[in-house]
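Undergrad: The following block contains the structure, expressed as structure tokens.
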Amino acid sequence: MDKLVQFGRSLLQPLLAVIIGLAAGAIAIVIVGGSVMDTYAEMWKGAFGSFYFFTNTLSRATPIILIGLGVALAFRAGFFNMGSEGQMVLGALSAAVTAIYLPGPGWFKLVAAIIAGIISGGIWSAFAGWLDARFRMNLLITTLLLNYIATLFAGYIVSYPLKDRTGSAAMAQTVMLDQSVWLPKLFKGMSLHGGFIIAVVGAILLFLFMRYTVKGYEIRMLGGNPLFASYGGVQRGKMMLISMFVSGGFAGLAGSVEVLGTQYRYLDGALTSPGYAWSGIMATLLAGSHPLGTAVAAILLAALQTGGMGMERNTDVPLEVSSIIQAVLILFVSAKFTYSFIKRRKARS
């Protein structure tokens, strides 16, 4: 019974955030002269109105889920990994390069490309953890700054050395991957691919890991009370490197499945423009870093984005209304963290 009450309380805050976000969106719709009910109906249809739109929503949610899982693991360990964007970009580039140049059968190159993406994202993230452990460089700042290095490096690679010169000269992109390396589509004629299955399995495995393993308990203990964790024998530096590597590995996996399942090449800016990384962080914050909750929150955020596109197609209300709803969600989550911070300060004093 207590667990049921606790579970209900954990759902209360995200639901309240969504309701407030929808209320703010309704105000924006009224201001631009639209009908609130009609607009939200079109938004619903754009996200879940048909099987085609539903699979589009799940396809968009796939990288958000994977990034959110990585961020959730880091947050649970008490580390702020804000470099998911750069880790995802390097993972995508590594997967594309591996799939293009590695010899062998298609299935072998597909597996190797996914592993390469995970390792690249993991190393880039662990590098920030090493800087913190070795030189006390603020993890929040370094992960943010490493995003720029990763995206600019990847942009240079596909603009000059690995640029596809057979097609449009204006596009900074690699050559197209061979079809044998593509992730399979789950339904014929739909955009949803095997990456979604990987994301769902990842969410379940991370939940089981955090809940039922010794390392998962140590990570939760380190994030909840670092001092108590150190008395219990948890080595903060070692745990930081492991947590950051796995966290970045999830982001790298997100980039890999996007390249192998959606774009079929690395295209400069295609992963950063949709804001997958920041949506993943938002999903984690909304779900309180719960792995399964993060997956659900990611689908919700993806639905807001795909529904917003449907709304813009069929009404005079601009797409920015869905951005307003997401911005209110961020403000609500930020307010929750600020309140918790003030509460802790008062408790200390």
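Each chain in the structure tokens gets a letter, A, B and so on, in the order shown; residues start at 1 in every chain, and ligands are counted from 1 in the order they appear.
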Which polymer residues have any atom within 8 Å of an atom of range 265-272 of chain A, counting only C-alpha atoms, with same-chain residues fewer than 4 positions away left out, as a list of chain:residue names?
TA: A:Glu85, A:Met88, A:Val89, A:Ala92, A:Leu93, A:Ala96, A:Ala154, A:Gly155, A:Val158, A:Met171, A:Ala172, A:Gln173, A:Thr174, A:Val175, A:Met176, A:Leu177, A:Gly255, A:Val259, A:Leu260, A:Tyr276, A:Ala277
Undergrad: Take the residues from that selection and write them out as a short mmCIF file (atom, residue, chain, number, x, y, z; two decimals), in the first residue's frame, keeping N, CA, C and O atoms.
TA:
data_model
loop_
_atom_site.label_atom_id
_atom_site.label_comp_id
_atom_site.auth_asym_id
_atom_site.auth_seq_id
_atom_site.Cartn_x
_atom_site.Cartn_y
_atom_site.Cartn_z
N GLU A 85 24.38 15.98 -26.23
CA GLU A 85 24.35 16.35 -27.64
C GLU A 85 25.66 15.99 -28.35
O GLU A 85 25.67 15.37 -29.41
N MET A 88 26.08 12.21 -28.52
CA MET A 88 25.22 11.63 -29.55
C MET A 88 25.81 11.86 -30.95
O MET A 88 25.81 10.96 -31.79
N VAL A 89 26.32 13.07 -31.17
CA VAL A 89 26.90 13.39 -32.48
C VAL A 89 28.12 12.51 -32.78
O VAL A 89 28.24 11.95 -33.88
N ALA A 92 27.00 9.01 -33.52
CA ALA A 92 26.43 8.90 -34.87
C ALA A 92 27.52 8.89 -35.93
O ALA A 92 27.47 8.09 -36.88
N LEU A 93 28.50 9.78 -35.77
CA LEU A 93 29.58 9.85 -36.76
C LEU A 93 30.39 8.55 -36.76
O LEU A 93 30.72 8.01 -37.83
N ALA A 96 28.43 5.82 -38.46
CA ALA A 96 28.40 6.00 -39.92
C ALA A 96 29.74 5.58 -40.55
O ALA A 96 29.77 4.86 -41.55
N ALA A 154 32.66 17.08 -35.86
CA ALA A 154 31.87 16.25 -36.78
C ALA A 154 31.49 17.03 -38.03
O ALA A 154 31.50 16.50 -39.15
N GLY A 155 31.15 18.31 -37.85
CA GLY A 155 30.82 19.15 -39.00
C GLY A 155 32.00 19.29 -39.96
O GLY A 155 31.82 19.25 -41.19
N VAL A 158 32.59 15.88 -42.02
CA VAL A 158 31.67 15.61 -43.13
C VAL A 158 31.61 16.77 -44.13
O VAL A 158 30.94 16.66 -45.15
N MET A 171 25.48 20.02 -49.47
CA MET A 171 25.17 19.25 -48.27
C MET A 171 26.45 18.70 -47.64
O MET A 171 27.25 18.05 -48.32
N ALA A 172 26.61 18.95 -46.34
CA ALA A 172 27.73 18.38 -45.59
C ALA A 172 27.27 17.05 -45.03
O ALA A 172 26.59 16.99 -44.00
N GLN A 173 27.64 15.95 -45.67
CA GLN A 173 27.15 14.64 -45.27
C GLN A 173 28.08 13.55 -45.80
O GLN A 173 28.85 13.77 -46.74
N THR A 174 28.01 12.38 -45.16
CA THR A 174 28.77 11.24 -45.66
C THR A 174 27.98 10.58 -46.80
O THR A 174 26.84 10.95 -47.08
N VAL A 175 28.61 9.60 -47.40
CA VAL A 175 27.90 8.85 -48.43
C VAL A 175 26.80 8.01 -47.77
O VAL A 175 26.83 7.76 -46.56
N MET A 176 25.86 7.56 -48.58
CA MET A 176 24.76 6.74 -48.07
C MET A 176 25.28 5.36 -47.63
O MET A 176 26.14 4.78 -48.29
N LEU A 177 24.75 4.86 -46.52
CA LEU A 177 25.13 3.52 -46.05
C LEU A 177 24.51 2.45 -46.94
O LEU A 177 23.43 2.64 -47.51
N GLY A 255 22.59 8.28 -31.15
CA GLY A 255 23.07 8.75 -32.45
C GLY A 255 23.23 7.63 -33.45
O GLY A 255 22.91 7.79 -34.64
N VAL A 259 21.29 7.20 -37.20
CA VAL A 259 22.00 7.07 -38.47
C VAL A 259 21.62 5.77 -39.17
O VAL A 259 21.36 5.74 -40.38
N LEU A 260 21.55 4.67 -38.41
CA LEU A 260 21.31 3.35 -39.01
C LEU A 260 19.84 3.07 -39.29
O LEU A 260 19.53 2.20 -40.10
N TYR A 276 17.07 16.74 -29.74
CA TYR A 276 16.87 15.46 -29.07
C TYR A 276 17.52 15.45 -27.67
O TYR A 276 16.93 14.93 -26.71
N ALA A 277 18.73 16.00 -27.59
CA ALA A 277 19.47 15.92 -26.33
C ALA A 277 18.73 16.66 -25.21
O ALA A 277 18.57 16.15 -24.10
#
Undergrad: Might you pull out every residue within 8 Å of Ala112 in chain A, with only C-alpha atoms counted and same-chain residues fewer than 5 positions away left off, and present them as a PyMOL selection string?
TA: chain A and resi 95+98-99
Undergrad: Which is closest to Ser180 in chain A among A:Ile198, A:Leu110, A:Val71, A:Ile219, if we use only C-alpha atoms?
TA: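 Nearest to Ser180 in chain A: A:Leu110.
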Undergrad: Find the residues around Val18 in chain A up to 12 Å (only C-alpha atoms counted), leave out those fewer than 3 positions away in its own chain, and share them as a PyMOL selection string.
TA: chain A and resi 11-15+21-25+283+286-287+297+300-301+304+322+324-333
Undergrad: Sort by chain and increasing residue number a table of all residues of range 54-143 of chain A within 12 Å of range 186-190 of chain A, each with its closest pair of atoms and their distance in Å to one decimal, counting only C-alpha atoms, and write it as CSV.
TA:
residue,atom,partner,partner_atom,distance
A:Phe54,CA,A:Met190,CA,9.8
A:Thr55,CA,A:Met190,CA,6.8
A:Asn56,CA,A:Met190,CA,7.5
A:Thr57,CA,A:Met190,CA,11.0
A:Leu58,CA,A:Met190,CA,10.7
A:Ser59,CA,A:Met190,CA,9.2
Undergrad: Those residues you just picked out, can you put them in a file as a compact mmCIF listing (two decimals), in the first residue's frame with N, CA and C atoms?
TA:
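Now in again-v6.txt:
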# COMPACT_ATOMS: atom_id res chain seq x y z
N PHE A 54 1.10 7.56 -35.03
CA PHE A 54 1.55 6.95 -33.77
C PHE A 54 2.98 6.42 -33.91
N THR A 55 3.22 5.73 -35.02
CA THR A 55 4.59 5.21 -35.21
C THR A 55 5.59 6.34 -35.44
N ASN A 56 5.13 7.43 -36.06
CA ASN A 56 6.02 8.59 -36.20
C ASN A 56 6.42 9.14 -34.83
N THR A 57 5.45 9.18 -33.93
CA THR A 57 5.73 9.67 -32.57
C THR A 57 6.73 8.76 -31.86
N LEU A 58 6.52 7.45 -31.98
CA LEU A 58 7.45 6.51 -31.34
C LEU A 58 8.85 6.59 -31.97
N SER A 59 8.88 6.81 -33.28
CA SER A 59 10.18 6.95 -33.96
C SER A 59 10.93 8.17 -33.44
Undergrad: Report the residues of range 14-50 of chain A whose backbone DSSP state falls under alpha helix (DSSP H), written as a PyMOL selection string.
TA: chain A and resi 14-31+36-48
Undergrad: When distances are computed from only C-alpha atoms, which of A:Leu183, A:Leu144, A:Leu66, A:Leu90 shows the smallest separation from Trp107 in chain A?
TA: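 So, comparing all the options, the nearest one is A:Leu183.
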Undergrad: Skipping near chain neighbours, those fewer than 2 positions away, what residues fall within 6 Å of range 32-48 of chain A using only C-alpha atoms, listed as a list in words?
TA: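 Returned residues: Ala26, Ile29, Val30, Ser50, Phe53, Phe54, Thr57, Ala303, Thr306, Gly307, Gly308, Gly310 and Met311 of chain A.
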Undergrad: Would you kindly return, as a count of residues only, each protein, DNA or RNA residue with an atom no farther than 12 Å from any atom of Leu285 in chain A, considering only C-alpha atoms and excluding same-chain residues fewer than 4 positions away?
TA: 34
Undergrad: Which residue out of A:Thr262, A:Gln235, A:Leu319, A:Met309 has the minimum interatomic distance to Ala77 in chain A when only C-alpha atoms are used?
TA: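 Result for the nearest residue to Ala77 in chain A: A:Gln235.
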